[in-house]
Amino acid sequence: MGMTTVSVPTRESQIEEIRATIETKHVELLHMQFVDIEGTLKHVTITSEQLDQAVNGQVMFDGSSITGFTPINQSDLYLTPDLSTFAVLPWTEEEGYSEARFLCSVKKPDGSDFLGDPRNVLKETVKRAEEKGYSINVGPELEFFLFETDDAGQPTLKTQDVGGYFEPSPKDNGEKVRLAIYKVLKKMGFTIEASHHEVAIGQHEINFKYADALGAADAATTYKWVVKTVAGQHGLHATFMPKPLAGANGSGMHTNISLFDIEKQENAFYDDADELGLSETAYQFIAGLIDNVKDFVAVTNPLVNSYKRLVPGYEAPCYIAWSASNRSALIRIPATRGAGTRVEIRCPDPSANPYFAFAVVASAGLDGIERELTAPPAVNDDIFSMTRQECFERGISNLPTNLESALDHFEAGTIGRNTLGEHAYSEYVELKRGEWDDFRTTVSDWEVAAYQAKF
């Protein structure tokens, strides 16, 4: 995950290129997109005649209607498009007509950044890294399930295939959908590196090339939207819910991350003199992740359902350890060295807001570098096969086992508040505490089945 120097196009040249595309592709509608604090994509739609208004940040919306944004007496917010995210939407193209989108950052009426906007939160983390001499590269891997829908178009739990890991199946409708998703993503500027069936029935993964942290979060957000849209066109429902099927593997968002030394123009994690090819910076980054993970997992694993995935036996990491190869460890170091040296953290799941998730992971690693933390010894044995006593003796602790515990750690620690900023942090905690409370007070089918007849 190195970085090559490229010439940056000027704002004027970008706008002219966008105008030309609007004309040649007959773009009539522009979707001004942004995300709320849960990472849910929102958009305001304008006509292409309003392009000047859009690129000058003059499109206004009501922030009080967006989860975690502003109170009703301070509701006016403005959208500033990132010109590099302009893309024509392939599924809208027809003779003489199409639609396009921008991903936007949110500003206040005085022109300053609105700090409740997840995109702005990640930008702040990127800025802090740059002040320390680093740029951040991220490569996320988002898994998803495809389920059939019922006559009313609502999702069922019936999968459209019975395939296994990497398995080709002539009867697999999922393969057809993956191909359609691939074609759309490619037209929208993605570089696709792999596409395959995952371990569980109905589970899939399409990998795209890493990017800078903000670009990777934009890509993950776009990817989720495209996957759901294309699946819907095939009569299927795509879900990024971490654990939709009991007794089967859940979906992860393994996050590959590296730091690039801006001054030296090299991967800051690589050192060929080290036995594992890792620099002192890499070891400190790993130590920062291990030291802070309990305090940020409420962001990388944000749902009640997230903790049904983080259990032994389904390849999901639930033990806090690192290894150069061991996939039962929370953090592993993929085999590539040199410019591609990176750290992979395996606990995040694809329900996470990618802007927040990449921000807290990067902040935790940078914290390890700042404090010059020492990484614990690597664990190369299969942790899943260890007894609780063996884990204790080797100092391997567990991730929080439910959302409430994760939120307790999140509030007790400093990484969440420092990374998200006071506004987003407090709104996020309030939202997630409410979610846990809803779950806690709901009487489930399991309880009725277990207790009603017995007591």
# chains A, B, ... in the order shown; residues from 1 in each chain; ligands from 1

call {"tool": "closest_atom_pairs", "arguments": {"of": "range 219-329 of chain A", "to": "range 126-144 of chain A", "cutoff": "10 Å", "atoms": "only C-alpha atoms", "output": "JSON lines"}}
result
{"residue": "A:Ala219", "atom": "CA", "partner": "A:Pro140", "partner_atom": "CA", "distance": 9.2}
{"residue": "A:Ala220", "atom": "CA", "partner": "A:Pro140", "partner_atom": "CA", "distance": 7.3}
{"residue": "A:Tyr223", "atom": "CA", "partner": "A:Leu142", "partner_atom": "CA", "distance": 8.7}
{"residue": "A:Lys224", "atom": "CA", "partner": "A:Leu142", "partner_atom": "CA", "distance": 8.4}
{"residue": "A:Val227", "atom": "CA", "partner": "A:Phe144", "partner_atom": "CA", "distance": 8.7}
{"residue": "A:Lys228", "atom": "CA", "partner": "A:Phe144", "partner_atom": "CA", "distance": 9.6}
{"residue": "A:Ala238", "atom": "CA", "partner": "A:Phe144", "partner_atom": "CA", "distance": 6.6}
{"residue": "A:Thr239", "atom": "CA", "partner": "A:Phe144", "partner_atom": "CA", "distance": 5.7}
{"residue": "A:Phe240", "atom": "CA", "partner": "A:Phe144", "partner_atom": "CA", "distance": 5.0}
{"residue": "A:Met241", "atom": "CA", "partner": "A:Phe144", "partner_atom": "CA", "distance": 7.6}
{"residue": "A:Pro242", "atom": "CA", "partner": "A:Phe144", "partner_atom": "CA", "distance": 8.2}
{"residue": "A:Lys243", "atom": "CA", "partner": "A:Phe144", "partner_atom": "CA", "distance": 9.9}
{"residue": "A:Pro244", "atom": "CA", "partner": "A:Phe144", "partner_atom": "CA", "distance": 9.9}
{"residue": "A:Gly250", "atom": "CA", "partner": "A:Glu143", "partner_atom": "CA", "distance": 8.5}
{"residue": "A:Ser251", "atom": "CA", "partner": "A:Glu143", "partner_atom": "CA", "distance": 5.0}
{"residue": "A:Gly252", "atom": "CA", "partner": "A:Glu143", "partner_atom": "CA", "distance": 5.8}
{"residue": "A:Met253", "atom": "CA", "partner": "A:Leu142", "partner_atom": "CA", "distance": 4.5}
{"residue": "A:His254", "atom": "CA", "partner": "A:Glu141", "partner_atom": "CA", "distance": 5.2}
{"residue": "A:Thr255", "atom": "CA", "partner": "A:Pro140", "partner_atom": "CA", "distance": 4.5}
{"residue": "A:Asn256", "atom": "CA", "partner": "A:Gly139", "partner_atom": "CA", "distance": 4.8}
{"residue": "A:Ile257", "atom": "CA", "partner": "A:Val138", "partner_atom": "CA", "distance": 4.5}
{"residue": "A:Ser258", "atom": "CA", "partner": "A:Asn137", "partner_atom": "CA", "distance": 5.3}
{"residue": "A:Leu259", "atom": "CA", "partner": "A:Ile136", "partner_atom": "CA", "distance": 4.9}
{"residue": "A:Phe260", "atom": "CA", "partner": "A:Ser135", "partner_atom": "CA", "distance": 5.2}
{"residue": "A:Asp261", "atom": "CA", "partner": "A:Tyr134", "partner_atom": "CA", "distance": 4.9}
{"residue": "A:Ile262", "atom": "CA", "partner": "A:Tyr134", "partner_atom": "CA", "distance": 5.6}
{"residue": "A:Glu263", "atom": "CA", "partner": "A:Gly133", "partner_atom": "CA", "distance": 6.8}
{"residue": "A:Lys264", "atom": "CA", "partner": "A:Gly133", "partner_atom": "CA", "distance": 9.3}
{"residue": "A:Gln265", "atom": "CA", "partner": "A:Tyr134", "partner_atom": "CA", "distance": 9.7}
{"residue": "A:Glu266", "atom": "CA", "partner": "A:Tyr134", "partner_atom": "CA", "distance": 10.0}
{"residue": "A:Asn267", "atom": "CA", "partner": "A:Tyr134", "partner_atom": "CA", "distance": 9.5}
{"residue": "A:Ala268", "atom": "CA", "partner": "A:Tyr134", "partner_atom": "CA", "distance": 8.1}

call {"tool": "residues_around", "arguments": {"residues": "range 292-300 of chain A", "least_positions_apart": "6", "cutoff": "9 Å", "atoms": "only C-alpha atoms", "output": "ChimeraX atom specification"}}
result
/A:253,320,347-354,356-358,360-361,364-365,367-368,398-400,403-416,428,432

call {"tool": "atom_distance", "arguments": {"atom1": "CA of Pro317 in chain A", "atom2": "CA of Leu330 in chain A"}}
result
5.0 Å

call {"tool": "residues_around", "arguments": {"residues": "Glu93 in chain A", "least_positions_apart": "5", "cutoff": "12 Å", "atoms": "only C-alpha atoms", "output": "count of residues only"}}
result
14

call {"tool": "select_by_dssp", "arguments": {"residues": "range 246-312 of chain A", "states": "alpha helix (DSSP H)", "output": "PyMOL selection string"}}
result
chain A and resi 280-300+306-309

call {"tool": "closest_residue", "arguments": {"among": "A:Ser323, A:Ser363, A:Thr149, A:Gln233", "to": "Asp291 in chain A", "atoms": "only C-alpha atoms"}}
result
A:Ser363

call {"tool": "atom_distance", "arguments": {"atom1": "CA of Pro109 in chain A", "atom2": "CA of Leu77 in chain A"}}
result
6.2 Å

call {"tool": "closest_residue", "arguments": {"among": "A:Glu94, A:Asp218, A:Asp76, A:Asp52", "to": "Arg119 in chain A", "atoms": "only C-alpha atoms"}}
result
A:Asp218

call {"tool": "closest_residue", "arguments": {"among": "A:Val44, A:Val448, A:Leu236, A:Ile333", "to": "Asp151 in chain A", "atoms": "only C-alpha atoms"}}
result
A:Leu236

call {"tool": "decode", "arguments": {"residues": "range 205-264 of chain A", "atoms": "C-alpha atoms", "output": "PDB file, in the first residue's frame"}}
result
ATOM      1  CA  GLU A 205     -17.283 -10.316  -1.335  1.00  0.00           C
ATOM      2  CA  ILE A 206     -15.991  -7.933  -4.001  1.00  0.00           C
ATOM      3  CA  ASN A 207     -12.630  -6.307  -3.251  1.00  0.00           C
ATOM      4  CA  PHE A 208     -11.611  -2.920  -4.593  1.00  0.00           C
ATOM      5  CA  LYS A 209      -8.230  -1.177  -4.586  1.00  0.00           C
ATOM      6  CA  TYR A 210      -7.061   0.689  -1.493  1.00  0.00           C
ATOM      7  CA  ALA A 211      -7.037   4.488  -1.413  1.00  0.00           C
ATOM      8  CA  ASP A 212      -6.268   7.350   0.937  1.00  0.00           C
ATOM      9  CA  ALA A 213      -8.448   7.171   4.085  1.00  0.00           C
ATOM     10  CA  LEU A 214     -11.120   9.588   2.848  1.00  0.00           C
ATOM     11  CA  GLY A 215     -11.215   8.025  -0.627  1.00  0.00           C
ATOM     12  CA  ALA A 216     -11.543   4.559   0.933  1.00  0.00           C
ATOM     13  CA  ALA A 217     -14.470   5.658   3.123  1.00  0.00           C
ATOM     14  CA  ASP A 218     -16.128   7.275   0.087  1.00  0.00           C
ATOM     15  CA  ALA A 219     -15.569   4.045  -1.863  1.00  0.00           C
ATOM     16  CA  ALA A 220     -16.986   1.850   0.925  1.00  0.00           C
ATOM     17  CA  THR A 221     -20.086   4.068   1.144  1.00  0.00           C
ATOM     18  CA  THR A 222     -20.572   4.003  -2.632  1.00  0.00           C
ATOM     19  CA  TYR A 223     -19.937   0.232  -2.758  1.00  0.00           C
ATOM     20  CA  LYS A 224     -22.673  -0.482  -0.191  1.00  0.00           C
ATOM     21  CA  TRP A 225     -25.141   1.681  -2.131  1.00  0.00           C
ATOM     22  CA  VAL A 226     -24.290   0.048  -5.473  1.00  0.00           C
ATOM     23  CA  VAL A 227     -24.471  -3.505  -4.061  1.00  0.00           C
ATOM     24  CA  LYS A 228     -27.935  -2.877  -2.598  1.00  0.00           C
ATOM     25  CA  THR A 229     -29.175  -1.105  -5.741  1.00  0.00           C
ATOM     26  CA  VAL A 230     -27.994  -3.771  -8.194  1.00  0.00           C
ATOM     27  CA  ALA A 231     -29.217  -6.631  -5.981  1.00  0.00           C
ATOM     28  CA  GLY A 232     -32.655  -4.964  -5.911  1.00  0.00           C
ATOM     29  CA  GLN A 233     -32.694  -4.854  -9.700  1.00  0.00           C
ATOM     30  CA  HIS A 234     -32.268  -8.647  -9.646  1.00  0.00           C
ATOM     31  CA  GLY A 235     -35.122  -9.140  -7.170  1.00  0.00           C
ATOM     32  CA  LEU A 236     -32.723  -9.814  -4.289  1.00  0.00           C
ATOM     33  CA  HIS A 237     -31.954  -8.013  -1.040  1.00  0.00           C
ATOM     34  CA  ALA A 238     -28.313  -7.333  -0.162  1.00  0.00           C
ATOM     35  CA  THR A 239     -27.554  -6.838   3.517  1.00  0.00           C
ATOM     36  CA  PHE A 240     -24.418  -5.716   5.334  1.00  0.00           C
ATOM     37  CA  MET A 241     -25.907  -6.859   8.649  1.00  0.00           C
ATOM     38  CA  PRO A 242     -22.996  -8.575  10.452  1.00  0.00           C
ATOM     39  CA  LYS A 243     -24.757 -11.825  11.451  1.00  0.00           C
ATOM     40  CA  PRO A 244     -28.059 -12.433   9.665  1.00  0.00           C
ATOM     41  CA  LEU A 245     -27.883 -16.249   9.945  1.00  0.00           C
ATOM     42  CA  ALA A 246     -27.371 -18.043  13.270  1.00  0.00           C
ATOM     43  CA  GLY A 247     -24.886 -20.908  12.985  1.00  0.00           C
ATOM     44  CA  ALA A 248     -23.153 -19.446   9.907  1.00  0.00           C
ATOM     45  CA  ASN A 249     -20.206 -17.112   9.389  1.00  0.00           C
ATOM     46  CA  GLY A 250     -20.974 -13.424   9.742  1.00  0.00           C
ATOM     47  CA  SER A 251     -19.882 -10.569   7.480  1.00  0.00           C
ATOM     48  CA  GLY A 252     -16.767  -8.577   8.276  1.00  0.00           C
ATOM     49  CA  MET A 253     -15.121  -5.420   7.013  1.00  0.00           C
ATOM     50  CA  HIS A 254     -11.464  -6.402   7.395  1.00  0.00           C
ATOM     51  CA  THR A 255      -9.592  -3.112   7.286  1.00  0.00           C
ATOM     52  CA  ASN A 256      -6.075  -2.957   5.823  1.00  0.00           C
ATOM     53  CA  ILE A 257      -4.244   0.184   6.855  1.00  0.00           C
ATOM     54  CA  SER A 258      -0.763   1.606   6.325  1.00  0.00           C
ATOM     55  CA  LEU A 259       1.021   4.889   6.893  1.00  0.00           C
ATOM     56  CA  PHE A 260       3.065   6.594   4.184  1.00  0.00           C
ATOM     57  CA  ASP A 261       6.006   8.722   5.330  1.00  0.00           C
ATOM     58  CA  ILE A 262       5.471  11.986   3.432  1.00  0.00           C
ATOM     59  CA  GLU A 263       9.033  13.265   3.885  1.00  0.00           C
ATOM     60  CA  LYS A 264      10.824  10.019   3.029  1.00  0.00           C
TER      61      LYS A 264
END
